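Coordinates from start08.cif are shown below (mmCIF, C-alpha atoms and all ligand atoms).
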```
data_structure
loop_
_atom_site.label_atom_id
_atom_site.label_comp_id
_atom_site.auth_asym_id
_atom_site.auth_seq_id
_atom_site.Cartn_x
_atom_site.Cartn_y
_atom_site.Cartn_z
CA MET T 577 -5.36 -9.66 -27.71
CA THR T 578 -3.40 -10.17 -24.50
CA PRO T 579 -3.74 -13.42 -22.49
CA VAL T 580 -5.75 -11.49 -19.87
CA ASP T 581 -8.09 -10.07 -22.59
CA VAL T 582 -8.75 -13.65 -23.68
CA ALA T 583 -9.40 -14.85 -20.10
CA VAL T 584 -11.73 -11.92 -19.31
CA ARG T 585 -13.71 -12.37 -22.53
CA ALA T 586 -14.10 -16.07 -21.77
CA ALA T 587 -15.40 -15.19 -18.29
CA ILE T 588 -17.87 -12.68 -19.78
CA ASP T 589 -19.07 -15.33 -22.26
CA ARG T 590 -19.68 -17.73 -19.37
CA HIS T 591 -21.11 -15.39 -16.72
CA GLY T 592 -22.25 -12.22 -18.51
CA PRO T 593 -20.89 -8.72 -17.74
CA LEU T 594 -18.42 -8.60 -14.82
CA PRO T 595 -17.95 -5.98 -12.09
CA PHE T 596 -14.87 -3.82 -12.74
CA ASP T 597 -13.04 -5.25 -9.70
CA HIS T 598 -12.95 -8.69 -11.40
CA VAL T 599 -11.38 -7.16 -14.50
CA MET T 600 -8.89 -5.08 -12.48
CA ALA T 601 -7.89 -8.15 -10.44
CA ALA T 602 -7.17 -10.10 -13.64
CA ALA T 603 -5.36 -7.18 -15.32
CA LEU T 604 -3.00 -6.73 -12.35
CA TYR T 605 -2.67 -10.16 -10.77
CA ASP T 606 -3.64 -12.91 -13.28
CA PRO T 607 -0.83 -15.45 -12.75
CA ALA T 608 -0.27 -15.92 -16.49
CA GLY T 609 -0.42 -12.33 -17.75
CA GLY T 610 -1.26 -9.82 -14.99
CA PHE T 611 0.79 -6.62 -14.82
CA TYR T 612 2.38 -7.44 -11.46
CA ALA T 613 2.70 -11.17 -12.16
CA THR T 614 4.79 -10.42 -15.25
CA GLY T 615 7.25 -8.01 -13.67
CA GLY T 616 5.55 -4.60 -13.35
CA GLN T 617 6.83 -2.73 -10.32
CA ALA T 618 6.77 0.47 -8.31
CA GLY T 619 8.81 3.34 -9.69
CA ARG T 620 6.47 2.99 -12.61
CA ARG T 621 5.47 6.59 -12.53
CA GLY T 622 8.81 7.82 -13.82
CA ASP T 623 9.65 10.91 -11.83
CA PHE T 624 6.76 10.25 -9.42
CA LEU T 625 8.36 7.76 -7.06
CA THR T 626 6.79 6.04 -4.07
CA SER T 627 7.91 7.44 -0.70
CA PRO T 628 10.42 4.63 0.09
CA GLU T 629 11.95 5.06 -3.36
CA VAL T 630 12.61 8.75 -2.74
CA GLY T 631 15.35 7.66 -0.30
CA PRO T 632 15.87 6.22 3.20
CA LEU T 633 14.23 9.06 5.18
CA PHE T 634 10.67 7.73 4.92
CA GLY T 635 11.79 4.38 6.33
CA ALA T 636 13.74 6.13 9.10
CA VAL T 637 10.55 7.86 10.26
CA VAL T 638 8.55 4.62 9.96
CA ALA T 639 11.26 2.98 12.12
CA ARG T 640 10.57 5.58 14.83
CA ALA T 641 6.84 4.83 14.63
CA ILE T 642 7.60 1.10 14.96
CA ASP T 643 9.67 1.88 18.07
CA GLY T 644 6.81 3.97 19.48
CA TRP T 645 4.34 1.12 18.98
CA TRP T 646 6.79 -1.42 20.50
CA ALA T 647 7.45 0.80 23.54
CA ALA T 648 3.69 1.29 24.04
CA GLN T 649 3.38 -2.55 24.19
CA GLY T 650 5.95 -2.60 27.04
CA SER T 651 8.96 -3.42 24.75
CA PRO T 652 8.15 -7.16 24.36
CA GLU T 653 10.81 -9.72 23.41
CA VAL T 654 9.34 -9.98 19.93
CA ALA T 655 8.06 -7.16 17.72
CA VAL T 656 6.44 -8.42 14.50
CA VAL T 657 6.15 -6.02 11.58
CA VAL T 658 4.39 -7.29 8.46
CA GLU T 659 4.83 -5.13 5.38
CA ALA T 660 2.18 -5.96 2.79
CA GLY T 661 2.71 -5.10 -0.88
CA ALA T 662 6.42 -4.70 -0.18
CA GLY T 663 7.34 -4.38 -3.89
CA PRO T 664 11.10 -4.82 -4.33
CA GLY T 665 11.75 -4.12 -0.61
CA ALA T 666 12.88 -0.47 -0.48
CA LEU T 667 10.92 0.34 2.69
CA ALA T 668 12.18 -2.76 4.53
CA ARG T 669 15.76 -1.84 3.64
CA SER T 670 15.48 1.70 5.00
CA VAL T 671 13.60 0.66 8.17
CA LEU T 672 16.35 -1.85 8.96
CA ALA T 673 19.14 0.58 7.99
CA ALA T 674 17.71 3.07 10.52
CA ARG T 675 18.56 0.54 13.31
CA PRO T 676 15.36 0.99 15.36
CA ALA T 677 15.66 0.51 19.13
CA CYS T 678 13.52 -2.64 18.80
CA GLU T 679 15.83 -4.29 16.24
CA GLY T 680 16.88 -7.07 18.63
CA ALA T 681 13.20 -8.02 18.97
CA LEU T 682 12.24 -7.34 15.36
CA ARG T 683 10.74 -9.92 13.02
CA TYR T 684 10.18 -8.10 9.71
CA VAL T 685 7.98 -9.94 7.22
CA LEU T 686 7.85 -8.71 3.61
CA VAL T 687 4.64 -9.89 1.94
CA GLU T 688 4.54 -9.58 -1.82
CA THR T 689 2.27 -11.51 -4.18
CA SER T 690 4.46 -11.00 -7.24
CA ALA T 691 7.26 -13.59 -7.51
CA ALA T 692 9.16 -11.20 -9.79
CA GLN T 693 9.16 -8.56 -7.03
CA ARG T 694 9.91 -11.07 -4.27
CA ALA T 695 13.03 -12.13 -6.14
CA HIS T 696 14.51 -8.67 -5.39
CA HIS T 697 14.19 -9.10 -1.62
CA ARG T 698 17.20 -11.39 -1.49
CA ASP T 699 19.36 -8.85 -3.37
CA HIS T 700 19.68 -6.50 -0.40
CA LEU T 701 18.31 -8.30 2.66
CA ARG T 702 19.55 -11.35 4.56
CA LEU T 703 16.43 -13.49 4.53
CA GLU T 704 15.57 -16.33 6.90
CA GLU T 705 13.03 -19.08 6.43
CA PRO T 706 9.60 -18.13 7.89
CA SER T 707 9.89 -21.17 10.19
CA VAL T 708 12.97 -19.57 11.81
CA ALA T 709 11.22 -16.26 12.37
CA PHE T 710 8.18 -17.75 14.03
CA ALA T 711 9.48 -21.00 15.52
CA ALA T 712 10.36 -19.43 18.83
CA LEU T 713 7.78 -16.79 19.70
CA PRO T 714 7.63 -16.60 23.50
CA ASP T 715 4.84 -18.75 24.92
CA PRO T 716 3.46 -17.05 28.05
CA ASP T 717 2.02 -20.42 29.23
CA ALA T 718 5.21 -22.47 28.82
CA ASP T 719 6.84 -23.83 32.01
CA VAL T 720 10.33 -23.32 30.62
CA PRO T 721 10.91 -19.89 29.05
CA THR T 722 11.35 -20.11 25.27
CA GLU T 723 14.77 -19.13 23.98
CA VAL T 724 14.07 -16.34 21.53
CA PRO T 725 16.65 -15.78 18.76
CA ALA T 726 17.87 -12.19 18.45
CA GLY T 727 16.55 -9.99 15.67
CA PRO T 728 16.31 -8.47 13.29
CA ILE T 729 15.00 -11.56 11.51
CA VAL T 730 13.73 -10.82 8.01
CA VAL T 731 11.51 -13.11 5.94
CA SER T 732 9.77 -12.79 2.59
CA THR T 733 6.45 -14.48 1.79
CA ALA T 734 3.70 -14.41 -0.84
CA SER T 735 0.78 -14.01 1.55
CA LEU T 736 0.01 -12.69 5.02
CA PRO T 737 1.51 -15.00 7.66
CA ARG T 738 -0.26 -16.39 10.74
CA VAL T 739 1.35 -14.95 13.85
CA ASP T 740 0.49 -15.55 17.51
CA ALA T 741 1.48 -12.07 18.67
CA PRO T 742 0.21 -8.54 18.07
CA CYS T 743 1.63 -7.21 14.80
CA LEU T 744 2.17 -3.88 13.15
CA VAL T 745 0.86 -4.33 9.59
CA LEU T 746 2.28 -1.76 7.22
CA ALA T 747 1.30 -0.98 3.60
CA ASN T 748 2.64 1.77 1.40
CA GLU T 749 0.71 2.31 -1.83
CA LEU T 750 -0.94 -1.08 -1.66
CA LEU T 751 -4.59 -0.07 -1.20
CA ASP T 752 -4.64 1.92 -4.47
CA ASN T 753 -3.66 -1.26 -6.33
CA LEU T 754 -6.35 -3.47 -4.79
CA PRO T 755 -9.35 -4.09 -7.05
CA ILE T 756 -12.18 -1.56 -6.95
CA GLY T 757 -15.73 -1.79 -8.18
CA VAL T 758 -17.05 1.31 -9.95
CA ALA T 759 -20.48 2.78 -9.20
CA GLU T 760 -22.39 5.42 -11.17
CA ARG T 761 -25.03 7.82 -9.87
CA THR T 762 -28.17 7.17 -11.90
CA GLY T 763 -31.63 8.76 -11.77
CA ASP T 764 -32.80 6.71 -8.83
CA GLY T 765 -29.65 5.94 -6.85
CA TRP T 766 -26.33 4.23 -7.59
CA SER T 767 -25.66 1.48 -10.16
CA GLU T 768 -22.74 -0.89 -10.71
CA VAL T 769 -20.56 -0.29 -13.75
CA LEU T 770 -20.06 -3.73 -15.34
CA VAL T 771 -17.73 -4.78 -18.13
CA GLY T 772 -19.28 -6.62 -21.07
CA ALA T 773 -18.14 -7.43 -24.62
CA ASP T 774 -19.43 -5.92 -27.84
CA GLY T 775 -17.79 -7.55 -30.88
CA GLY T 776 -14.07 -6.96 -30.49
CA GLU T 777 -14.35 -4.42 -27.69
CA LEU T 778 -14.78 -4.54 -23.92
CA VAL T 779 -17.55 -2.08 -23.08
CA GLU T 780 -19.22 -0.70 -19.95
CA VAL T 781 -22.83 -1.50 -19.10
CA LEU T 782 -24.79 -0.54 -16.00
CA GLY T 783 -26.25 -3.14 -13.65
CA PRO T 784 -27.75 -3.24 -10.17
CA LEU T 785 -25.57 -2.37 -7.16
CA ASP T 786 -26.20 -4.12 -3.85
CA ARG T 787 -28.39 -2.07 -1.52
CA GLY T 788 -25.90 -1.81 1.34
CA THR T 789 -23.20 -0.33 -0.90
CA ALA T 790 -25.67 1.99 -2.62
CA ALA T 791 -26.80 3.31 0.78
CA ARG T 792 -23.17 3.91 1.88
CA LEU T 793 -22.40 5.84 -1.32
CA ALA T 794 -25.57 7.90 -0.93
CA ASP T 795 -24.54 8.83 2.63
CA ALA T 796 -20.94 9.61 1.71
CA ALA T 797 -21.66 11.68 -1.41
CA PRO T 798 -25.21 13.00 -1.02
CA GLY T 799 -24.76 15.81 -3.56
CA ALA T 800 -23.31 13.64 -6.35
CA PRO T 801 -24.93 14.62 -9.68
CA LYS T 802 -26.34 12.07 -12.14
CA GLY T 803 -23.42 10.48 -14.04
CA ALA T 804 -20.95 10.95 -11.15
CA ARG T 805 -18.83 7.88 -10.40
CA LEU T 806 -17.21 6.46 -7.28
CA PRO T 807 -14.73 3.68 -6.55
CA VAL T 808 -16.08 0.89 -4.33
CA PRO T 809 -13.02 -0.37 -2.40
CA ARG T 810 -13.87 -4.09 -2.33
CA GLY T 811 -10.28 -5.34 -2.53
CA ALA T 812 -9.13 -2.91 0.18
CA ASP T 813 -12.03 -3.95 2.45
CA ARG T 814 -11.10 -7.63 2.07
CA TRP T 815 -7.43 -6.92 2.72
CA LEU T 816 -8.29 -4.74 5.70
CA ALA T 817 -10.35 -7.50 7.30
CA ASP T 818 -7.35 -9.87 7.01
CA ALA T 819 -4.84 -7.23 8.14
CA ARG T 820 -6.88 -6.25 11.22
CA ALA T 821 -7.32 -9.90 12.18
CA LEU T 822 -3.56 -10.45 11.81
CA ALA T 823 -2.66 -7.30 13.76
CA GLY T 824 -4.82 -8.51 16.63
CA SER T 825 -5.52 -6.78 19.90
CA GLY T 826 -2.69 -4.34 20.66
CA GLY T 827 -1.72 -4.40 16.98
CA LEU T 828 -1.74 -1.59 14.45
CA VAL T 829 -2.57 -1.40 10.75
CA LEU T 830 -0.80 1.55 9.11
CA ALA T 831 -1.30 2.44 5.44
CA PHE T 832 -0.14 5.31 3.24
CA ASP T 833 -1.88 6.04 -0.01
CA TYR T 834 -3.58 8.48 -2.32
CA GLY T 835 -6.83 9.01 -0.48
CA ARG T 836 -9.74 11.41 -0.58
CA PRO T 837 -13.28 11.52 0.81
CA ALA T 838 -15.95 10.07 -1.49
CA ALA T 839 -17.69 13.43 -1.96
CA GLU T 840 -14.49 14.87 -3.47
CA LEU T 841 -14.04 11.90 -5.78
CA ALA T 842 -17.66 12.10 -6.96
CA ALA T 843 -17.14 15.76 -7.89
CA VAL T 844 -14.41 15.06 -10.46
CA THR T 845 -14.27 12.96 -13.62
CA PRO T 846 -13.27 9.32 -12.96
CA ASP T 847 -10.00 9.66 -14.89
CA ALA T 848 -8.87 11.95 -12.03
CA TRP T 849 -8.97 8.99 -9.59
CA LEU T 850 -8.74 5.89 -11.80
CA ARG T 851 -5.40 6.02 -13.58
CA THR T 852 -3.29 3.71 -15.72
CA TYR T 853 0.48 3.77 -16.20
CA ARG T 854 2.62 2.13 -18.83
CA GLN T 855 6.38 2.49 -19.19
CA HIS T 856 6.69 5.54 -16.94
CA ALA T 857 3.81 7.45 -18.56
CA ARG T 858 0.04 7.62 -18.25
CA GLY T 859 -1.52 4.65 -20.04
CA GLY T 860 -4.78 4.22 -21.94
CA SER T 861 -8.29 3.06 -21.04
CA PRO T 862 -8.21 0.54 -18.17
CA LEU T 863 -10.20 -1.84 -20.41
CA ARG T 864 -7.53 -1.91 -23.14
CA ASP T 865 -4.67 -4.42 -23.44
CA LEU T 866 -5.34 -5.96 -20.04
CA GLY T 867 -2.18 -6.87 -18.16
CA THR T 868 0.12 -4.46 -20.02
CA GLN T 869 -0.44 -1.44 -17.77
CA ASP T 870 -0.74 -0.63 -14.09
CA ILE T 871 -4.19 0.39 -12.81
CA THR T 872 -4.47 2.45 -9.61
CA ALA T 873 -7.39 4.20 -7.92
CA ASP T 874 -7.49 6.86 -5.18
CA VAL T 875 -8.76 5.36 -1.95
CA PRO T 876 -12.18 6.70 -0.87
CA VAL T 877 -11.13 6.99 2.77
CA ASP T 878 -14.63 7.29 4.22
CA LEU T 879 -15.96 4.27 2.30
CA LEU T 880 -13.43 1.86 3.78
CA ARG T 881 -14.89 -0.65 6.22
CA PRO T 882 -14.22 0.11 8.97
CA VAL T 883 -13.22 3.75 8.52
CA PRO T 884 -9.71 4.44 9.88
CA ASP T 885 -9.29 5.28 13.58
CA VAL T 886 -6.70 7.89 12.61
CA LEU T 887 -6.64 9.79 9.32
CA ALA T 888 -3.93 12.39 8.66
CA THR T 889 -1.96 13.73 5.77
CA GLN T 890 1.33 11.95 5.25
CA ALA T 891 3.14 15.24 6.04
CA ASP T 892 1.37 15.57 9.42
CA TRP T 893 1.97 11.91 10.23
CA LEU T 894 5.70 12.20 9.39
CA ARG T 895 5.94 15.31 11.58
CA ARG T 896 4.19 13.56 14.45
CA HIS T 897 6.79 10.79 14.22
CA GLY T 898 9.83 13.05 14.21
CA ILE T 899 10.79 13.90 10.63
CA ASP T 900 11.65 17.49 11.64
CA GLU T 901 14.14 16.23 14.22
CA LEU T 902 15.84 13.95 11.67
CA VAL T 903 16.04 16.81 9.18
CA ALA T 904 17.43 19.23 11.81
CA ASP T 905 20.19 16.68 12.57
CA ALA T 906 20.90 16.37 8.86
CA ARG T 907 21.11 20.16 8.42
CA ALA T 908 23.57 20.38 11.31
CA THR T 909 25.74 17.63 9.78
CA TRP T 910 25.64 19.35 6.40
CA THR T 911 26.64 22.70 7.89
CA GLU T 912 29.50 21.07 9.75
CA ARG T 913 30.79 18.84 6.94
CA ALA T 914 29.82 20.54 3.67
CA ALA T 915 33.37 21.79 3.15
CA ILE T 916 34.74 18.26 3.67
CA GLY T 917 32.12 16.84 1.29
CA ASP T 918 32.40 13.28 2.67
CA LEU T 919 29.71 10.59 2.53
CA SER T 920 27.97 11.73 5.71
CA ALA T 921 27.78 15.31 4.34
CA ILE T 922 26.27 14.06 1.10
CA ARG T 923 23.79 11.80 2.95
CA ALA T 924 22.77 14.74 5.15
CA ARG T 925 22.21 16.97 2.11
CA SER T 926 20.12 14.31 0.43
CA ARG T 927 18.04 13.82 3.61
CA VAL T 928 17.05 17.51 3.48
CA THR T 929 16.00 17.16 -0.18
CA GLU T 930 14.07 13.95 0.55
CA ALA T 931 12.14 15.72 3.30
CA GLU T 932 11.01 18.40 0.85
CA ALA T 933 9.56 15.71 -1.46
CA LEU T 934 7.94 13.71 1.37
CA LEU T 935 6.31 16.78 2.95
CA ASP T 936 5.18 18.53 -0.26
CA PRO T 937 1.43 19.09 0.24
CA ALA T 938 0.87 18.92 -3.54
CA GLY T 939 2.75 15.61 -3.77
CA LEU T 940 3.63 12.83 -1.32
CA GLY T 941 2.94 15.03 1.72
CA GLY T 942 -0.71 15.27 0.67
CA PHE T 943 -1.13 11.48 0.68
CA ALA T 944 -3.33 9.97 3.39
CA ALA T 945 -1.85 8.18 6.41
CA LEU T 946 -4.46 5.77 7.75
CA GLU T 947 -4.34 3.85 11.03
CA TRP T 948 -6.57 1.16 12.44
CA HIS T 949 -6.13 0.10 16.07
CA PRO T 950 -7.87 -3.29 16.33
C1 LIG B 1001 2.37 0.11 -6.08
S1 LIG B 1001 3.27 -1.26 -5.52
C2 LIG B 1001 3.95 -0.57 -4.04
C3 LIG B 1001 5.28 -1.17 -3.69
C4 LIG B 1001 5.95 -0.60 -2.45
N1 LIG B 1001 5.12 -0.72 -1.26
C5 LIG B 1001 6.36 0.85 -2.61
O1 LIG B 1001 5.81 1.70 -1.94
O2 LIG B 1001 7.25 1.12 -3.42
C6 LIG B 1001 2.04 -2.37 -4.89
C7 LIG B 1001 2.58 -3.79 -4.67
O3 LIG B 1001 1.60 -4.56 -3.96
C8 LIG B 1001 1.64 -5.90 -4.44
N2 LIG B 1001 0.38 -6.54 -4.02
C9 LIG B 1001 -0.85 -6.39 -4.54
N3 LIG B 1001 -1.77 -7.08 -3.83
C10 LIG B 1001 -1.12 -7.64 -2.81
C11 LIG B 1001 -1.52 -8.43 -1.69
N4 LIG B 1001 -2.80 -8.77 -1.52
N5 LIG B 1001 -0.58 -8.85 -0.83
C12 LIG B 1001 0.72 -8.51 -1.00
N6 LIG B 1001 1.16 -7.77 -2.04
C13 LIG B 1001 0.26 -7.32 -2.92
C14 LIG B 1001 1.85 -5.73 -5.92
O4 LIG B 1001 2.38 -6.89 -6.53
C15 LIG B 1001 2.85 -4.55 -5.95
O5 LIG B 1001 4.17 -4.98 -5.94
#
```
Written form, structure tokens:
Amino acid sequence: MTPVDVAVRAAIDRHGPLPFDHVMAAALYDPAGGFYATGGQAGRRGDFLTSPEVGPLFGAVVARAIDGWWAAQGSPEVAVVVEAGAGPGALARSVLAARPACEGALRYVLVETSAAQRAHHRDHLRLEEPSVAFAALPDPDADVPTEVPAGPIVVSTASLPRVDAPCLVLANELLDNLPIGVAERTGDGWSEVLVGADGGELVEVLGPLDRGTAARLADAAPGAPKGARLPVPRGADRWLADARALAGSGGLVLAFDYGRPAAELAAVTPDAWLRTYRQHARGGSPLRDLGTQDITADVPVDLLRPVPDVLATQADWLRRHGIDELVADARATWTERAAIGDLSAIRARSRVTEAEALLDPAGLGGFAALEWHP
């Protein structure tokens, strides 16, 4: 038994069967034995990389979106970007490498709960203490104007910071890793799938689901047959409440993830949207060997509270923020310098290949881009 198995069984002995989100939270984030607490990281899917790990192009487009948001605010002296679930920091590196127009104003905060992942931030980024990044935010009421240090200033923290300015809160493939409850369509509505213990095994049992959630599921997937299951995005809802409060008025919450409407998720077997990964391959049952495998779930985009203000495919979002222009530049460089074969020719060639992966409708291009404008 793993340390997380032992902790979950002890909790079941004390409290009775637990909702799946409690078990998922322990399996991924238990400080003593959770998958992410003990060194698990993105890139886990072998040849299925996250968008920032494909190469720097994704970050270059995100940098343009950051500039667009900053310009729409009137190009303030300080532009705060908070990247939640930053993993080892690949997206931060490529955003900063793209040298956005707002870089002199930029405070870039990497937020990552896993200490093992946070340790990588220092490998490639010059980090400052959070007190430096936020000590001198301009105070509109001050008699003497505050002297604001030039950016980019980059900091790394374990939890969302408190910031007295509108922020752009960014999250790539975070929501799918936040704990979900699981609900099952039963004869007379929707029930909660709980995790109990039977001898040596963790087993599923059905229990009551709160009325509000049951009503939302019934609305979102009215045709779901008996036995259909749906994820209940409790962890994402909690994170979203914090992220929207942090972003504040004029802020933006921007997330990229596997996402589908609830009706589509209810129409397929749960193993199509609740997946485990271990050592670059699909893992076993999410109730086995807790803490030794990653657990991810597609985001039911229309069950999130509140629903996003903007919902697009990642491919459409990248196009709206100028990926085609960046790729056209790269093609021109490649045509001009292919015969020379220098570094800029090779970078240009790789940018074209990255774009194919990021825009593939059957892969990363089909991901959901979700925006909330608090
Ligand atoms: C699938 S990884 C994605 C990493 C990176 N964004 C990428 O795209 O490669 C999700 C990361 O989110 C982190 N995480 C989970 N919950 C978090 C939270 N509430 N705040 C910050 N980080 C969190 C995990 O430790 C993990 O490193």
Quiz item: Quick one: residues within 8 Å of ligand LIG 1001 (chain B), with only C-alpha atoms and all ligand atoms, as an MDAnalysis selection string?
Solution: chainID T and resid 604:605 612:613 616:619 625:629 659:667 687:690 693 734:736 747:754 815
Among T:Pro837, T:Pro607, T:Pro809, T:Gly763, Gly867 in chain T is approached most closely, using only C-alpha atoms, by T:Pro607
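For the pair CA of Leu770 in chain T and CA of Ala608 in chain T, the separation is 23.3 Å.
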query: If we count only C-alpha atoms, what is near range 584-588 of chain T at a cut-off of 8 Å, once residues fewer than 3 positions away on the same chain are taken out, given as a ChimeraX atom specification?
result: /T:580-581,591-594,599,602,772-773
Generate the output file for the selected residues, C-alpha atoms, as a PDB file, in the coordinates of the input.
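In the end it all went to result-v6.pdb:
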```
ATOM      1  CA  VAL T 580      -5.750 -11.490 -19.870  1.00  0.00           C
ATOM      2  CA  ASP T 581      -8.090 -10.070 -22.590  1.00  0.00           C
ATOM      3  CA  HIS T 591     -21.110 -15.390 -16.720  1.00  0.00           C
ATOM      4  CA  GLY T 592     -22.250 -12.220 -18.510  1.00  0.00           C
ATOM      5  CA  PRO T 593     -20.890  -8.720 -17.740  1.00  0.00           C
ATOM      6  CA  LEU T 594     -18.420  -8.600 -14.820  1.00  0.00           C
ATOM      7  CA  VAL T 599     -11.380  -7.160 -14.500  1.00  0.00           C
ATOM      8  CA  ALA T 602      -7.170 -10.100 -13.640  1.00  0.00           C
ATOM      9  CA  GLY T 772     -19.280  -6.620 -21.070  1.00  0.00           C
ATOM     10  CA  ALA T 773     -18.140  -7.430 -24.620  1.00  0.00           C
TER      11      ALA T 773
END
```
**Gap from CA of Asp874 in chain T to CA of Trp849 in chain T - Å, one decimal** =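 Computing it gives 5.1 Å between the two atoms.
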Task: Within 10 Å of range 880-889 of chain T using only C-alpha atoms, minus same-chain residues under 6 positions, as number ranges by chain - done: T: 808-810, 812-814, 816-817, 820, 829-835, 895, 935, 937, 940-950
message = So the first atom is CA of Arg640 in chain T and the second is CA of His697 in chain T; what is the distance between them in Å, to one decimal place?
response =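 Answer for the CA of Arg640 in chain T to CA of His697 in chain T separation: 22.3 Å.
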Check: Which residue gives the smallest distance to Leu850 in chain T among T:Val928, T:Val685, T:Ala914, T:Met600, with only C-alpha atoms counted?
Finding: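 Checking each of T:Val928, T:Val685, T:Ala914, T:Met600 against Leu850 in chain T, counting only C-alpha atoms, the winner is T:Met600.
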Of T:Ala794, T:Ala931, T:Ala938, T:Ala838, the one nearest to Gly898 in chain T when counting only C-alpha atoms is T:Ala931
